[in-house]
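Here's the structure we're looking at; comments come further down.
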2 protein chains.
Amino acid sequence: MARPSHIAEKRKALLPIVARAFADLGYRRTTTAELAARCGVQENILYRLWPDKKAMFIAAIDYVFDLSMQVWSRQLSHVEEARSGAERLLQYEARHHGEHGHYRIVFAGLSETDDPEIRGALAGMYRRFHQFVRAQVAAHHGDRNSRQSSRAAMAAWALVGLGTVANIGRELGLLNDRHRRRLIEDAGQLLLEASAQ
Amino acid sequence: MARPSHIAEKRKALLPIVARAFADLGYRRTTTAELAARCGVQENILYRLWPDKKAMFIAAIDYVFDLSMQVWSRQLSHVEEARSGAERLLQYEARHHGEHGHYRIVFAGLSETDDPEIRGALAGMYRRFHQFVRAQVAAHHGDRNSRQSSRAAMAAWALVGLGTVANIGRELGLLNDRHRRRLIEDAGQLLLEASAQ
DNA sequence: TCATTATGTATGCAGATACTTACTTAACAG
DNA sequence: CTGTTAAGTAAGTATCTGCATACATAATGA
């Protein structure tokens, strides 16, 4: 009939702003009024794009995951024989880890883990994240898609932990850029090598 | 004059309850009304013990740190020559890591890191925590109080990260007890050994 | 005993906060 | 042109929240 909906595009356009708000303020302090103001719209418009505030938050979680996946696969697509994908990602992260502050959304979510929907979104996100890292580790070890060793899985979790503590250290001013970089590079390499059976 | 104050004792008595509330609910959702109800007192009584809600939260942060320090030093006091302190702590954590859910207070705090007081409390807590782990790692490496190597510092951060990701994995149901235990034991041992120069 | 101070109860309040309602305006298909 | 529906504006509401106040009671030292 009349006037096609542009809801999907609008969602896509506002999502980065919404995600930044949640990253800046955490879940509770990010009020719907604040979100609307940052987006330059009225609150009810946000409620036409998402059913409630929780859905906006979950969309933000998915957004930051998709974004870092995008960045990482771009990094992997640069064909280079000298280093494995894992090594290239490690080097990239050593330089750019967490520079957008998006991980703060994860911390915010981890304070709301008794909500089953938020918990589910976070769990799925971590699962996919870990799966990706684990595949890179396994490839580095030379396992070609065969049943991946549980050592690779363990190393992948440890690497995720490394990234997390690097973020915490940055956030709290306990690790400067140089230290953080060395931490990720050295400990990362160590985990990568030492876990190779 | 008249009637001595028991404020310090009351604070001490209520602190575990306050800490649990923050761990269960995060910072914002833990209302002063909720705190009062859990403590079985009226709100204004809490405000006689601490100047404001933020102070209650910071007290909770310190409390969980003191508590785990207490547990750890008890673990270290069991004299045993076969294993280093680091190894004993690792083994203990592999079995009991995060079982009180207190680390959720940290996640809550990390969502409020733009508040300078909370950030300061968290940073101090992490600093002392890391310092402790680092000393254990250095001792394991045989460095007897001399200038501790930066490798020990790095390994200590990685170990803290390991604990963090183990907590996240537990919280989100991504790591069961068995996996979490193996992760801490194996990756922990690996970090301990491989970082020894 | 009495002045002083801790402890406890009840209630108040100004400003959020998530979400809604009522209504106007503008785009597009037929 | 026109009927339909999306996009936008403005204001409202019920409830919550951190914190304050007013007042009664009880313990204690002098």
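Every chain in the structure tokens has a letter given in the order shown (A, B, ...), and although residue numbers restart at 1 in each chain, ligands are simply numbered from 1 in the order shown.
Residues in contact range of Tyr92 in chain A, defined as at most 10 Å between only C-alpha atoms (C1' of nucleotides), with sequence neighbours fewer than 2 positions away removed, read Val71, Trp72, Gln75, Ala86, Glu87, Arg88, Leu89, Leu90, Ala94, Arg95, His96, His97, Arg181, Ile184 and Glu185 of chain A.
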For this session: When you get a sec, could you note down which chain A residues fall within 12 Å of chain C, using only C-alpha atoms (C1' of nucleotides), as a ChimeraX atom specification?
Result: /A:1-6,28-34,43-48,51-54
Problem set entry | Distance criterion (only C-alpha atoms (C1' of nucleotides)): nearest to chain B out of D:DA24, D:DC19, D:DA7, D:DA14 |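 Ranked by minimum distance to chain B, first place goes to D:DC19.
Between CA of Gly26 in chain A and CA of Ala108 in chain A the separation is 5.0 Å.
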For this session: Dump as a list in words the residues of chain D that approach chain A to within 8 Å, counting only C-alpha atoms (C1' of nucleotides).
Result: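 Here they are: DT4, DT5 and DA6 of chain D.
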Exercise. Mind listing as number ranges by chain which residues of chain A are within 8 Å of chain B, counting only C-alpha atoms?
Worked result: A: 25-26, 28-29, 104, 107-108, 110-113, 119-120, 122-123, 127, 154-155, 157-158, 160-166, 168, 171-174, 183, 187, 190-191, 194
For this session: Would you mind writing down, as a PyMOL selection string, each residue of chain B that DSSP on the backbone assigns to helix (DSSP H, G or I)?
Result: chain B and resi 7-29+32-39+43-49+53-77+85-96+103-110+116-141+150-171+177-194
Problem set entry | Å distance separating CA of Leu67 in chain B from CA of Glu117 in chain B, one decimal place |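 CA of Leu67 in chain B sits 21.1 Å away from CA of Glu117 in chain B.
Interatomic distance, CA of Val18 in chain B against CA of His102 in chain A: 29.4 Å.
Of the residues listed (A:Ala55, A:Val133, A:Leu49, A:Val64), A:Val64 shows the shortest atom-to-atom separation from Arg20 in chain A; distances use only C-alpha atoms.
With distances restricted to only C-alpha atoms, A:Met125 is the closest residue to Ser68 in chain A from A:Leu15, A:Met125, A:Leu35, A:Ala82.
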